[in-house]
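Okay, run25.txt now, which holds compact mmCIF, C-alpha atoms:
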```txt
# COMPACT_ATOMS: atom_id res chain seq x y z
CA MET A 71 70.64 58.14 113.21
CA SER A 72 70.28 58.36 116.92
CA GLY A 73 72.00 57.46 120.17
CA ILE A 74 75.38 55.83 120.37
CA SER A 75 75.34 54.55 116.77
CA GLY A 76 74.78 58.08 115.43
CA PHE A 77 77.50 59.45 117.71
CA LEU A 78 79.99 56.81 116.52
CA THR A 79 79.04 57.26 112.87
CA TYR A 80 79.61 61.01 112.93
CA GLY A 81 82.81 60.54 114.90
CA LEU A 82 84.24 57.98 112.46
CA LEU A 83 83.07 60.09 109.52
CA ALA A 84 85.06 63.04 110.84
CA ILE A 85 88.15 60.91 111.55
CA PHE A 86 88.39 59.18 108.18
CA ALA A 87 85.97 60.19 105.40
CA GLU A 88 85.83 63.87 106.21
CA ASN A 89 89.21 64.29 107.84
CA LEU A 90 89.70 68.06 107.71
CA VAL A 91 93.41 68.03 106.91
CA MET A 92 93.32 65.17 104.41
CA SER A 93 90.05 65.94 102.65
CA GLY A 94 90.15 69.72 102.91
CA GLY A 95 93.72 70.75 103.65
CA VAL A 96 92.30 72.72 106.60
CA GLY A 97 94.86 73.25 109.36
CA SER A 98 97.75 71.85 107.30
CA SER A 99 99.97 74.90 107.89
CA LYS A 100 99.38 74.75 111.65
CA MET A 101 100.06 71.01 111.60
CA LEU A 102 103.38 71.47 109.77
CA SER A 103 104.50 74.03 112.33
CA ALA A 104 103.21 71.93 115.27
CA VAL A 105 105.24 68.84 114.32
CA LYS A 106 108.43 70.89 114.60
CA LYS A 107 107.94 71.19 118.37
CA ARG A 108 107.56 67.51 119.21
CA SER A 109 107.66 67.92 123.02
CA ASN A 110 104.49 70.04 123.03
CA LEU A 111 102.54 67.88 120.59
CA LEU A 112 100.32 66.07 123.12
CA VAL A 113 99.44 69.22 125.08
CA TYR A 114 98.85 71.05 121.80
CA TRP A 115 96.45 68.37 120.63
CA LEU A 116 94.63 68.09 124.00
CA MET A 117 93.98 71.82 123.97
CA MET A 118 92.81 71.62 120.40
CA PHE A 119 90.43 68.81 121.37
CA LEU A 120 89.08 70.93 124.24
CA PHE A 121 88.49 73.98 122.06
CA THR A 122 86.97 71.98 119.20
CA VAL A 123 84.49 70.10 121.40
CA VAL A 124 83.62 72.91 123.84
CA GLY A 125 83.56 75.42 120.97
CA GLN A 126 81.07 73.30 119.05
CA ALA A 127 78.89 72.72 122.15
CA VAL A 128 78.72 76.44 122.98
CA SER A 129 78.28 77.45 119.32
CA TYR A 130 75.28 75.17 118.82
CA PRO A 131 72.58 77.74 119.77
CA VAL A 132 74.31 80.27 117.48
CA GLU A 133 74.27 77.70 114.65
CA ILE A 134 70.52 77.24 115.08
CA LEU A 135 69.87 80.99 115.19
CA LEU A 136 72.04 81.71 112.16
CA LYS A 137 70.91 78.88 109.89
CA ASP A 138 69.18 81.11 107.32
CA ASP A 139 70.84 82.29 104.12
CA TRP A 140 71.00 85.94 105.22
CA ALA A 141 72.96 84.92 108.32
CA VAL A 142 75.97 83.84 106.28
CA TYR A 143 77.51 87.30 106.86
CA LEU A 144 77.01 87.18 110.64
CA ARG A 145 78.27 83.64 111.33
CA PRO A 146 82.03 84.40 111.33
CA ALA A 147 81.72 87.23 113.89
CA ALA A 148 79.33 85.16 116.05
CA PHE A 149 81.65 82.13 116.13
CA VAL A 150 84.69 84.33 116.79
CA LEU A 151 82.84 85.88 119.76
CA VAL A 152 81.95 82.46 121.18
CA ILE A 153 85.52 81.11 120.90
CA SER A 154 86.92 84.41 122.24
CA ILE A 155 84.82 84.06 125.40
CA ILE A 156 86.02 80.46 125.90
CA TYR A 157 89.62 81.52 125.20
CA ILE A 158 89.55 84.36 127.72
CA GLY A 159 87.75 82.10 130.21
CA VAL A 160 90.56 79.51 129.96
CA ARG A 161 93.44 81.96 129.75
CA PHE A 162 92.66 84.12 132.81
CA PRO A 163 92.72 81.34 135.45
CA LEU A 164 95.73 79.71 133.76
CA GLU A 165 97.66 82.98 133.83
CA LYS A 166 96.71 83.64 137.45
CA SER A 167 97.78 80.17 138.57
CA ALA A 168 101.02 80.42 136.55
CA LYS A 169 101.82 83.76 138.24
CA GLY A 170 101.07 82.27 141.69
CA ARG A 171 103.30 79.29 140.98
CA TYR A 172 106.01 81.60 139.66
CA HIS A 173 106.13 83.51 142.96
CA ARG A 174 105.93 80.33 145.08
CA SER A 175 108.60 78.49 143.09
CA HIS A 176 110.92 81.49 143.21
CA ARG A 177 110.48 81.78 146.99
CA ARG A 178 111.23 78.07 147.40
CA ASP A 179 114.10 78.39 144.96
CA ALA A 180 115.65 81.13 147.10
CA VAL A 181 115.26 79.04 150.29
CA VAL A 182 116.93 76.01 148.67
CA GLN A 183 119.76 78.19 147.34
CA VAL A 184 120.45 79.48 150.89
CA GLU A 185 120.36 75.91 152.26
CA LEU A 186 122.75 74.72 149.56
CA ARG A 187 125.16 77.56 150.23
CA ALA A 188 125.04 76.79 153.96
CA ALA A 189 125.70 73.09 153.24
CA GLU A 190 128.62 73.97 150.97
CA ARG A 191 130.10 76.28 153.64
CA THR A 192 129.82 73.53 156.25
CA LEU A 193 131.60 71.07 153.97
CA ILE A 194 134.42 73.56 153.28
CA ILE A 195 134.76 74.35 157.00
CA ASP A 196 134.90 70.63 157.81
CA GLY A 197 137.64 70.25 155.19
CA ASP A 198 135.77 67.45 153.46
CA ASP A 199 137.01 66.78 149.90
CA VAL A 200 133.95 64.88 148.81
CA LYS A 201 131.17 67.20 147.79
CA HIS A 202 127.77 66.60 149.24
CA PRO A 203 125.60 65.04 146.49
CA MET A 204 123.01 67.73 147.03
CA VAL A 205 125.60 70.43 146.38
CA SER A 206 126.86 68.85 143.16
CA PHE A 207 123.43 69.36 141.61
CA GLY A 208 124.17 73.07 141.25
CA THR A 209 121.03 75.13 140.73
CA PRO A 210 118.11 73.10 141.99
CA ARG A 211 115.31 72.22 139.58
CA LEU A 212 112.06 72.02 141.40
CA ALA A 213 109.04 70.07 140.30
CA ASP A 214 107.04 73.27 140.57
CA ASP A 215 109.47 74.97 138.22
CA ASP A 216 108.74 72.39 135.52
CA THR A 217 105.02 72.85 136.03
CA PHE A 218 105.53 76.58 135.75
CA ILE A 219 107.37 76.17 132.43
CA SER A 220 104.72 73.90 130.97
CA ARG A 221 101.97 76.27 132.06
CA HIS A 222 103.72 79.10 130.28
CA ASN A 223 104.04 76.91 127.19
CA ILE A 224 100.30 76.28 127.36
CA ILE A 225 99.58 80.02 127.60
CA ASP A 226 101.96 80.62 124.70
CA PHE A 227 100.10 78.38 122.29
CA LEU A 228 96.63 78.85 123.74
CA GLY A 229 95.87 81.40 121.01
CA HIS A 230 97.20 79.06 118.29
CA THR A 231 94.95 76.22 119.41
CA ALA A 232 91.84 78.28 120.17
CA PHE A 233 91.82 80.37 116.99
CA ASN A 234 92.55 77.55 114.62
CA SER A 235 90.81 76.76 111.36
CA VAL A 236 90.16 73.20 112.57
CA VAL A 237 88.31 74.52 115.66
CA PHE A 238 86.19 76.89 113.56
CA ALA A 239 85.54 74.54 110.67
CA VAL A 240 83.20 72.36 112.75
CA PRO A 241 80.60 75.09 113.58
CA PHE A 242 80.75 76.25 109.97
CA MET A 243 80.18 72.71 108.72
CA VAL A 244 77.31 72.10 111.13
CA SER A 245 75.64 75.43 110.35
CA SER A 246 75.77 74.82 106.59
CA SER A 247 72.67 73.28 105.08
CA LYS A 248 74.53 70.06 104.14
CA TRP A 249 74.69 68.86 107.74
CA GLU A 250 71.68 68.11 109.95
CA VAL A 251 73.47 66.50 112.84
CA GLY A 252 71.85 67.88 116.00
CA PHE A 253 73.61 68.71 119.27
CA PHE A 254 75.21 65.31 120.02
CA GLY A 255 75.99 64.72 116.34
CA GLY A 256 77.83 68.06 116.36
CA ILE A 257 79.80 67.04 119.46
CA ALA A 258 80.67 63.70 117.81
CA LEU A 259 81.74 65.53 114.67
CA ALA A 260 83.91 67.90 116.73
CA ALA A 261 85.49 65.07 118.74
CA GLY A 262 86.04 63.04 115.56
CA THR A 263 87.61 66.06 113.84
CA ALA A 264 90.02 66.51 116.75
CA VAL A 265 90.87 62.78 116.80
CA GLY A 266 91.30 62.84 113.01
CA PHE A 267 93.66 65.79 113.42
CA ALA A 268 95.62 63.81 116.04
CA LEU A 269 95.86 60.83 113.70
CA THR A 270 97.14 63.05 110.89
CA LEU A 271 99.50 64.84 113.28
CA TRP A 272 100.96 61.49 114.35
CA LEU A 273 101.30 60.21 110.77
CA VAL A 274 103.00 63.42 109.65
CA ALA A 275 105.29 63.54 112.73
CA VAL A 276 106.43 59.94 112.08
CA GLY A 277 106.95 60.64 108.36
CA VAL A 278 108.79 63.94 108.82
CA ASP A 279 111.47 62.15 110.89
CA ARG A 280 112.13 59.67 108.08
CA LEU A 281 112.06 62.32 105.38
CA ASP A 282 114.92 64.21 106.97
CA ASN A 283 117.76 62.32 105.23
CA GLU A 284 120.51 62.69 102.65
CA ASN A 285 118.74 60.60 99.99
CA ILE A 286 116.19 63.35 99.38
CA PRO A 287 117.33 65.75 96.62
CA LYS A 288 118.39 69.10 98.07
CA ALA A 289 115.58 71.10 96.44
CA PHE A 290 112.95 68.75 97.92
CA ARG A 291 114.23 68.81 101.51
CA GLY A 292 112.03 70.45 104.16
CA THR A 293 108.60 71.81 103.21
CA PRO A 294 108.40 70.40 99.61
CA ILE A 295 108.86 66.75 100.60
CA GLN A 296 106.57 67.19 103.61
CA LEU A 297 103.82 68.50 101.32
CA ILE A 298 104.30 65.61 98.89
CA TYR A 299 104.20 63.16 101.82
CA ILE A 300 100.94 64.71 103.13
CA GLY A 301 99.63 64.51 99.56
CA LEU A 302 100.28 60.77 99.49
CA LEU A 303 98.61 60.37 102.88
CA SER A 304 95.68 62.40 101.56
CA LEU A 305 95.50 60.05 98.56
CA ALA A 306 95.26 57.12 100.98
CA PHE A 307 92.52 58.89 102.95
CA SER A 308 90.61 59.69 99.76
CA VAL A 309 89.48 56.04 99.57
CA PHE A 310 87.12 56.89 102.45
CA SER A 311 85.47 59.82 100.68
CA TYR A 312 84.49 60.89 97.22
CA GLY A 313 84.90 64.38 95.78
CA ASN A 314 85.41 67.63 97.63
CA VAL A 315 83.41 67.43 100.83
CA TYR A 316 83.98 71.00 101.98
CA ILE A 317 82.78 72.85 98.86
CA MET B 58 119.86 98.15 107.20
CA ILE B 59 116.63 99.75 106.00
CA GLN B 60 115.16 97.96 102.98
CA SER B 61 113.41 99.95 100.25
CA ASN B 62 109.64 99.58 99.90
CA GLY B 63 110.12 97.88 96.53
CA SER B 64 112.41 95.20 97.96
CA LEU B 65 110.03 94.68 100.91
CA PHE B 66 107.16 94.16 98.46
CA SER B 67 109.10 91.82 96.17
CA SER B 68 110.46 89.77 99.11
CA GLY B 69 106.85 88.81 99.90
CA ILE B 70 106.50 87.43 96.39
CA PHE B 71 109.87 85.70 95.97
CA SER B 72 112.33 85.16 98.83
CA GLU B 73 109.78 85.24 101.68
CA ASN B 74 106.70 83.96 99.90
CA PRO B 75 104.23 82.98 102.66
CA VAL B 76 103.01 79.84 100.84
CA ILE B 77 106.10 78.40 99.19
CA VAL B 78 108.72 79.44 101.73
CA GLY B 79 106.67 79.69 104.92
CA ALA B 80 104.14 76.89 104.18
CA LEU B 81 101.45 79.25 105.49
CA GLY B 82 97.86 79.60 104.32
CA ILE B 83 97.97 76.56 102.10
CA SER B 84 94.49 75.11 102.60
CA PRO B 85 92.62 77.46 100.19
CA ILE B 86 95.22 76.66 97.51
CA ILE B 87 95.03 72.92 98.06
CA ALA B 88 91.29 72.45 98.25
CA GLY B 89 89.50 75.81 97.96
CA ALA B 90 90.48 77.26 94.60
CA LEU B 91 89.12 74.91 91.96
CA THR B 92 88.58 77.55 89.27
CA LEU B 93 90.31 80.79 88.36
CA LYS B 94 87.31 82.79 89.61
CA MET B 95 87.54 81.07 92.98
CA GLY B 96 91.31 81.67 93.09
CA ALA B 97 90.88 85.35 92.25
CA ALA B 98 88.12 85.71 94.86
CA LEU B 99 90.25 84.09 97.58
CA ALA B 100 93.25 86.25 96.61
CA ALA B 101 91.06 89.38 96.84
CA ILE B 102 89.76 88.29 100.27
CA MET B 103 93.35 87.80 101.46
CA LEU B 104 94.38 91.26 100.19
CA VAL B 105 91.48 93.06 101.91
CA LEU B 106 91.91 91.13 105.19
CA MET B 107 95.69 91.54 105.18
CA LEU B 108 95.44 95.31 104.61
CA GLY B 109 92.53 95.85 107.01
CA VAL B 110 93.98 93.85 109.90
CA SER B 111 97.49 95.22 109.52
CA ILE B 112 96.16 98.82 109.40
CA PHE B 113 94.21 98.05 112.60
CA ASN B 114 97.39 96.74 114.23
CA PHE B 115 99.46 99.66 112.97
CA HIS B 116 97.16 102.28 114.49
CA ILE B 117 95.26 100.62 117.35
CA GLY B 118 96.86 97.20 117.92
CA HIS B 119 99.41 98.38 120.51
CA TYR B 120 96.63 99.78 122.74
CA VAL B 121 95.01 96.35 123.01
CA LYS B 122 96.53 94.28 125.82
CA GLU B 123 96.74 90.53 126.29
CA PRO B 124 94.61 88.37 126.43
CA PHE B 125 92.35 90.52 124.23
CA LYS B 126 94.88 90.94 121.42
CA ILE B 127 94.08 87.78 119.42
CA PRO B 128 90.27 87.99 119.92
CA ALA B 129 90.35 91.67 118.84
CA ASN B 130 92.28 90.79 115.68
CA MET B 131 89.96 87.91 114.91
CA LEU B 132 86.92 90.11 115.42
CA VAL B 133 88.31 92.74 113.05
CA SER B 134 88.85 89.99 110.44
CA ALA B 135 85.32 88.66 111.04
CA ILE B 136 83.85 92.13 110.48
CA LEU B 137 86.01 92.73 107.40
CA ILE B 138 84.90 89.41 105.92
CA VAL B 139 81.46 90.95 105.16
CA PRO B 140 82.75 93.34 102.45
CA CYS B 141 85.11 90.56 101.37
CA TYR B 142 82.13 88.25 100.77
CA MET B 143 80.50 90.94 98.62
CA LEU B 144 83.74 91.46 96.67
CA ALA B 145 84.14 87.70 96.17
CA GLU B 146 80.53 87.37 94.97
CA TRP B 147 81.13 90.22 92.51
CA ILE B 148 84.33 88.59 91.19
CA MET B 149 82.81 85.12 90.87
CA GLY B 150 79.34 86.23 89.78
CA ASP B 151 78.11 83.53 92.12
CA SER B 152 77.03 83.08 95.75
CA ILE B 153 79.73 82.96 98.42
CA ASP B 154 78.47 79.46 99.27
CA SER B 155 80.31 78.20 96.19
CA LEU B 156 83.55 78.70 98.14
CA GLY B 157 82.25 76.39 100.87
CA ILE B 158 83.99 76.68 104.23
CA PHE B 159 87.08 78.20 102.60
CA ALA B 160 85.66 81.76 102.50
CA PRO B 161 85.06 82.09 106.28
CA MET B 162 88.22 80.06 106.96
CA MET B 163 90.25 82.94 105.46
CA ILE B 164 89.82 84.69 108.84
CA PHE B 165 91.98 81.99 110.41
CA ASN B 166 94.44 81.76 107.52
CA SER B 167 97.87 81.30 109.06
CA ALA B 168 99.54 83.63 106.53
CA LEU B 169 97.19 86.40 107.66
CA ASN B 170 97.66 85.55 111.34
CA TYR B 171 101.41 85.44 111.03
CA TYR B 172 102.06 88.63 109.08
CA ALA B 173 99.14 91.01 109.66
CA TYR B 174 99.06 90.46 113.44
CA ASN B 175 102.78 91.06 113.87
CA VAL B 176 103.25 94.53 112.44
CA THR B 177 106.79 95.48 113.41
CA SER B 178 107.52 98.44 111.16
CA ARG B 179 106.53 101.90 112.39
CA ARG B 180 106.80 103.43 108.92
CA MET B 181 103.49 103.46 107.06
CA GLY B 182 105.07 102.99 103.62
CA SER B 183 107.25 100.02 104.54
CA PHE B 184 104.51 98.22 106.47
CA LEU B 185 102.08 98.65 103.55
CA ALA B 186 104.73 97.36 101.11
CA GLN B 187 105.38 94.39 103.39
CA THR B 188 101.72 93.36 103.87
CA MET B 189 100.82 93.94 100.21
CA GLY B 190 103.88 91.92 99.22
CA LYS B 191 102.67 88.99 101.35
CA ALA B 192 99.16 89.22 99.88
CA ALA B 193 100.68 89.35 96.39
CA GLY B 194 102.85 86.34 97.30
CA PHE B 195 99.68 84.42 98.14
CA ALA B 196 98.02 85.60 94.90
CA VAL B 197 100.93 84.58 92.63
CA ILE B 198 100.56 81.02 93.87
CA ILE B 199 96.76 80.64 94.11
CA ILE B 200 95.92 82.27 90.74
CA PRO B 201 98.09 80.07 88.44
CA PHE B 202 97.21 77.01 90.54
CA SER B 203 93.49 77.60 90.19
CA ALA B 204 93.82 78.42 86.47
CA VAL B 205 95.69 75.17 85.73
CA ARG B 206 93.19 73.23 87.82
CA GLU B 207 90.26 74.73 85.94
CA ILE B 208 91.87 73.86 82.59
CA ILE B 209 92.43 70.24 83.70
CA MET B 210 89.07 69.84 85.44
CA TYR B 211 86.74 71.60 83.01
CA GLY B 212 88.85 72.63 79.99
CA THR B 213 88.04 76.30 80.67
CA VAL B 214 89.69 79.45 82.01
CA TRP B 215 87.35 81.99 83.67
CA ASP B 216 84.47 79.96 82.19
CA ILE B 217 85.83 80.30 78.65
CA LYS B 218 86.48 77.02 76.83
CA VAL B 219 90.19 76.66 76.02
CA GLN B 220 90.61 72.95 75.36
CA ASN B 221 88.39 70.04 74.36
CA LEU B 222 90.98 67.27 74.61
CA PHE B 223 90.37 66.03 78.13
CA THR B 224 88.68 66.83 81.44
CA VAL B 225 89.86 65.29 84.69
CA PRO B 226 87.47 66.10 87.55
CA GLU B 227 89.86 64.35 90.01
CA ALA B 228 92.29 67.28 89.59
CA GLY B 229 90.21 69.01 92.23
CA ARG B 230 91.07 66.47 94.91
CA PRO B 231 93.22 67.81 97.76
CA PHE B 232 95.95 65.16 97.42
CA LEU B 233 96.86 66.54 93.98
CA GLY B 234 96.93 70.03 95.48
CA PHE B 235 99.43 68.93 98.15
CA ILE B 236 101.64 67.13 95.65
CA ALA B 237 101.58 69.97 93.09
CA LEU B 238 102.37 72.51 95.81
CA GLY B 239 105.25 70.31 97.01
CA PHE B 240 106.74 70.25 93.50
CA ALA B 241 106.24 74.03 93.15
CA ALA B 242 108.02 74.58 96.49
CA ALA B 243 110.90 72.32 95.35
CA PHE B 244 111.20 74.27 92.09
CA CYS B 245 111.33 77.55 94.04
CA ASN B 246 114.01 76.07 96.34
CA TYR B 247 116.04 75.09 93.28
CA VAL B 248 115.75 78.55 91.69
CA ARG B 249 116.59 80.23 95.01
CA SER B 250 119.70 78.12 95.57
CA LYS B 251 120.85 78.77 91.98
CA TYR B 252 120.32 82.51 92.47
CA THR B 253 122.18 82.47 95.81
CA ASN B 254 125.10 80.59 94.20
CA HIS B 255 125.15 83.08 91.33
CA ILE B 256 125.26 86.04 93.75
CA THR B 257 127.99 84.36 95.84
CA GLU B 258 130.11 83.69 92.77
CA LYS B 259 129.61 87.27 91.58
CA GLU B 260 130.69 88.63 94.99
CA ARG B 261 133.71 86.30 94.99
CA GLY B 262 134.64 87.64 91.53
CA VAL B 263 134.49 91.21 92.80
CA PHE B 264 136.80 90.43 95.75
CA GLU B 265 139.29 88.47 93.62
```

Can the structure from this file be put into structure tokens for me?
Amino acid sequence: MSGISGFLTYGLLAIFAENLVMSGGVGSSKMLSAVKKRSNLLVYWLMMFLFTVVGQAVSYPVEILLKDDWAVYLRPAAFVLVISIIYIGVRFPLEKSAKGRYHRSHRRDAVVQVELRAAERTLIIDGDDVKHPMVSFGTPRLADDDTFISRHNIIDFLGHTAFNSVVFAVPFMVSSSKWEVGFFGGIALAAGTAVGFALTLWLVAVGVDRLDNENIPKAFRGTPIQLIYIGLLSLAFSVFSYGNVYI
Amino acid sequence: MIQSNGSLFSSGIFSENPVIVGALGISPIIAGALTLKMGAALAAIMLVLMLGVSIFNFHIGHYVKEPFKIPANMLVSAILIVPCYMLAEWIMGDSIDSLGIFAPMMIFNSALNYYAYNVTSRRMGSFLAQTMGKAAGFAVIIIPFSAVREIIMYGTVWDIKVQNLFTVPEAGRPFLGFIALGFAAAFCNYVRSKYTNHITEKERGVFE
């Protein structure tokens, strides 16, 4: 397989037939904890996509070097090193920019607070009963502040997304003798794995909402029913594949 | 309140079981352990990694600063996986390749990441009891699961024929693993709630 058709085939294979969560249970614990924090889901997945694709691209030379049987012992450390370098490379600039924004937003925050207090004083001096709309806001929420919070959220779960079994499974799959996919095939497999994870994440997030109701017996509420639900989804996905693809 | 080492160990198996209660580290149970040998090998890998990484964190972990903390922990796990591979091969009497991607994936097991990387106790005894309890909690789930699977799939236990009535190779499919684990978690919830009710009633009896 070559070109675009090969790329699409490997991508679709990773989304459906070889979906890591559904066909291998890989990343299911992380997925169950990720769906609890719904607001971060998209950022979480985007970062996962970045680490899976970039991780696979950078790991490719290592995969070629460590293809022999004896290298099985060295692969884990080699892949951990590669992802660690990417992780530190992403985290440092993010942390620096978050710190910069923190100082800037706090400086602006202080200026706005002084302005608000001055406006409030003026209104009291003028004896005006109606509060200025700007004053009634209370503590101002700046756009920068929100950006600062989201950046800190990103830094918080950067480690979770970078050092994830889904991210690492792709280089391990490609380096095993079963797969002869090449560089672009590996990228397609990584992208497809991340998209497959997103699909599963979405299906589980939608299901978990509906499973949180009184009709579920008490003993089954929470994790048990979520596992059974993922099991049924996995059964549906199993029509795309046959047997255990990861063993 | 300081818990005894025994209660810290047993909490990892029962009340705070990483798999059933925390839904952590479930992928090797669902799709990795298809035979008892595989289950035992994965449980042994978890024990060695859990002990090794938590000992690293107990002694050296606090000297490592962010953002190097997670990479350092992962690297320690990746180095420790080498003796783990040898141990697993010895247990299974087979190449580590038979565990597929699930052997190296143990480095990123969420149960390991969650407990071994967050060593809070400063007492050696209690932290060892805690980490060994979590590893034992993982083992008490994966070992019976893999044994039952092997019986259903091949009619054997540890390669010894135990039944000739039926063999269902589909028992190895992940969807059955998810569903069986869901039912096991529900059973544990039921037992836990019964036990809690029993304790509450007993306490009420004492006060009345």

Please indicate the distance in Å from CA of Gln187 in chain B to CA of Gly82 in chain B, rounded to one decimal place. 16.6 Å

Just to confirm, what's the straight-line distance from CA of Leu132 in chain B to CA of Pro146 in chain A in Å (one decimal)? 8.6 Å

Select from chain B every residue with an atom at most 8 Å from any atom of chain A, then for each give the shortest pair of atoms and their distance in Å to one decimal, using all atoms listed in the file, rows by chain and rising number, as CSV.
```
residue,atom,partner,partner_atom,distance
B:Val78,CA,A:Thr293,CA,7.8
B:Ala80,CA,A:Ser99,CA,5.9
B:Leu81,CA,A:Ser99,CA,5.2
B:Gly82,CA,A:Ser99,CA,6.3
B:Ile83,CA,A:Ser99,CA,6.3
B:Ser84,CA,A:Gly95,CA,4.6
B:Pro85,CA,A:Gly95,CA,7.6
B:Ile87,CA,A:Gly95,CA,6.1
B:Ala88,CA,A:Gly94,CA,5.5
B:Gly89,CA,A:Ile317,CA,7.4
B:Pro124,CA,A:Ile158,CA,6.6
B:Phe125,CA,A:Ile158,CA,7.6
B:Ile127,CA,A:Gly229,CA,6.8
B:Pro128,CA,A:Ser154,CA,5.4
B:Met131,CA,A:Val150,CA,6.6
B:Leu132,CA,A:Ala147,CA,6.1
B:Ala135,CA,A:Ala147,CA,4.8
B:Ile136,CA,A:Ala147,CA,6.3
B:Ile138,CA,A:Tyr143,CA,7.7
B:Val139,CA,A:Tyr143,CA,5.6
B:Tyr142,CA,A:Tyr143,CA,7.7
B:Asp154,CA,A:Ile317,CA,7.9
B:Ser155,CA,A:Ile317,CA,6.5
B:Leu156,CA,A:Ile317,CA,5.9
B:Gly157,CA,A:Ile317,CA,4.1
B:Ile158,CA,A:Tyr316,CA,6.1
B:Phe159,CA,A:Ile317,CA,7.8
B:Pro161,CA,A:Pro146,CA,6.3
B:Met162,CA,A:Ser235,CA,6.1
B:Phe165,CA,A:Ser235,CA,5.4
B:Asn166,CA,A:Ser235,CA,7.3
B:Ser167,CA,A:Ser99,CA,6.8
B:Glu227,CA,A:Gly313,CA,7.6
B:Gly229,CA,A:Asn314,CA,7.4
B:Arg230,CA,A:Asn314,CA,6.4
B:Pro231,CA,A:Ser93,CA,6.1
B:Phe232,CA,A:Gly301,CA,4.3
B:Leu233,CA,A:Gly301,CA,6.6
B:Gly234,CA,A:Gly301,CA,7.4
B:Phe235,CA,A:Gly301,CA,4.6
B:Ile236,CA,A:Ile298,CA,4.5
B:Ala237,CA,A:Ile298,CA,7.7
B:Leu238,CA,A:Leu297,CA,7.0
B:Gly239,CA,A:Pro294,CA,4.1
B:Phe240,CA,A:Pro294,CA,6.3
B:Ala241,CA,A:Pro294,CA,7.7
B:Ala242,CA,A:Pro294,CA,5.2
B:Ala243,CA,A:Phe290,CA,4.9
B:Phe244,CA,A:Ala289,CA,6.9
B:Asn246,CA,A:Ala289,CA,5.2
B:Tyr247,CA,A:Ala289,CA,5.1
```

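Our summary of the geometry notes that CA of Leu91 in chain B is positioned 14.0 Å from CA of Ile153 in chain B.
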
Residues within 12 Å of Gly182 in chain B, all atoms listed in the file, excluding chain neighbours under 5 positions, as a list in words: Gln60, Ser61, Asn62, Gly63, Leu65, Phe66, Ile112, Phe115, Gln187, Thr188, Met189 and Gly190 of chain B

Fewer than 4 positions away in the same chain doesn't count, so skip those; otherwise give me all residues within 10 Å of Tyr172 in chain B, counting only C-alpha atoms, as a ChimeraX atom specification. /B:75,107,110-111,167-168,176-177,187-188,191-192

List every protein, DNA or RNA residue that has an atom no more than 8 Å from (87.6, 69.5, 82.9) in the file's coordinate frame, counting only C-alpha atoms, and report them as a PyMOL selection string. chain B and resi 207-213+223-226

Applying 8 Å and all atoms listed in the file, which residues near Ile86 in chain B remain after dropping the ones on its own chain fewer than 6 positions away? List them as a list in words.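 My reading of the contact set: Gly96, Ile198, Ile199, Phe202, Ser203 and Gly234 of chain B.
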
Atoms to include: C-alpha atoms. Write the selected residues as a PDB file, keeping the file's coordinate frame.
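For reference, selection22.pdb as written:
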```
ATOM      1  CA  GLY B  96      91.310  81.670  93.090  1.00  0.00           C
ATOM      2  CA  ILE B 198     100.560  81.020  93.870  1.00  0.00           C
ATOM      3  CA  ILE B 199      96.760  80.640  94.110  1.00  0.00           C
ATOM      4  CA  PHE B 202      97.210  77.010  90.540  1.00  0.00           C
ATOM      5  CA  SER B 203      93.490  77.600  90.190  1.00  0.00           C
ATOM      6  CA  GLY B 234      96.930  70.030  95.480  1.00  0.00           C
TER       7      GLY B 234
END
```

For each of B:Asn221, B:Ser134, B:Ser64, B:Ser250, take the minimum atom-to-atom distance to Val105 in chain B, counting all atoms listed in the file, then give the residue where this is smallest.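 So, comparing all the options, the nearest one is B:Ser134.
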
Using only C-alpha atoms, which residues sit within 10 Å of Ala98 in chain B once same-chain residues fewer than 6 positions away are excluded, as a ChimeraX atom specification? /B:90,92,104,141-149,153,156,160,196,200

Exercise: range 117-119 of chain B partners within 9 Å, only C-alpha atoms, chain neighbours under 3 positions left out, as a VMD selection string: chain B and resid 111 to 114 122 126 129 to 130 174 176

Could you please fill out range 232-238 of chain A with N, CA and C atoms and send it back as a tab-separated table (two decimals), in the coordinates of the input?
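File written: out_15.tsv
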```
chain	number	residue	atom	x	y	z
A	232	ALA	N	93.23	77.81	120.09
A	232	ALA	CA	91.84	78.28	120.17
A	232	ALA	C	91.38	78.86	118.83
A	233	PHE	N	92.21	79.72	118.24
A	233	PHE	CA	91.82	80.37	116.99
A	233	PHE	C	92.47	79.64	115.82
A	234	ASN	N	91.98	78.44	115.63
A	234	ASN	CA	92.55	77.55	114.62
A	234	ASN	C	91.46	77.21	113.62
A	235	SER	N	91.84	77.05	112.37
A	235	SER	CA	90.81	76.76	111.36
A	235	SER	C	90.11	75.43	111.62
A	236	VAL	N	90.79	74.49	112.28
A	236	VAL	CA	90.16	73.20	112.57
A	236	VAL	C	89.03	73.40	113.60
A	237	VAL	N	89.30	74.24	114.62
A	237	VAL	CA	88.31	74.52	115.66
A	237	VAL	C	87.07	75.18	115.05
A	238	PHE	N	87.30	76.14	114.14
A	238	PHE	CA	86.19	76.89	113.56
A	238	PHE	C	85.47	76.16	112.43
```
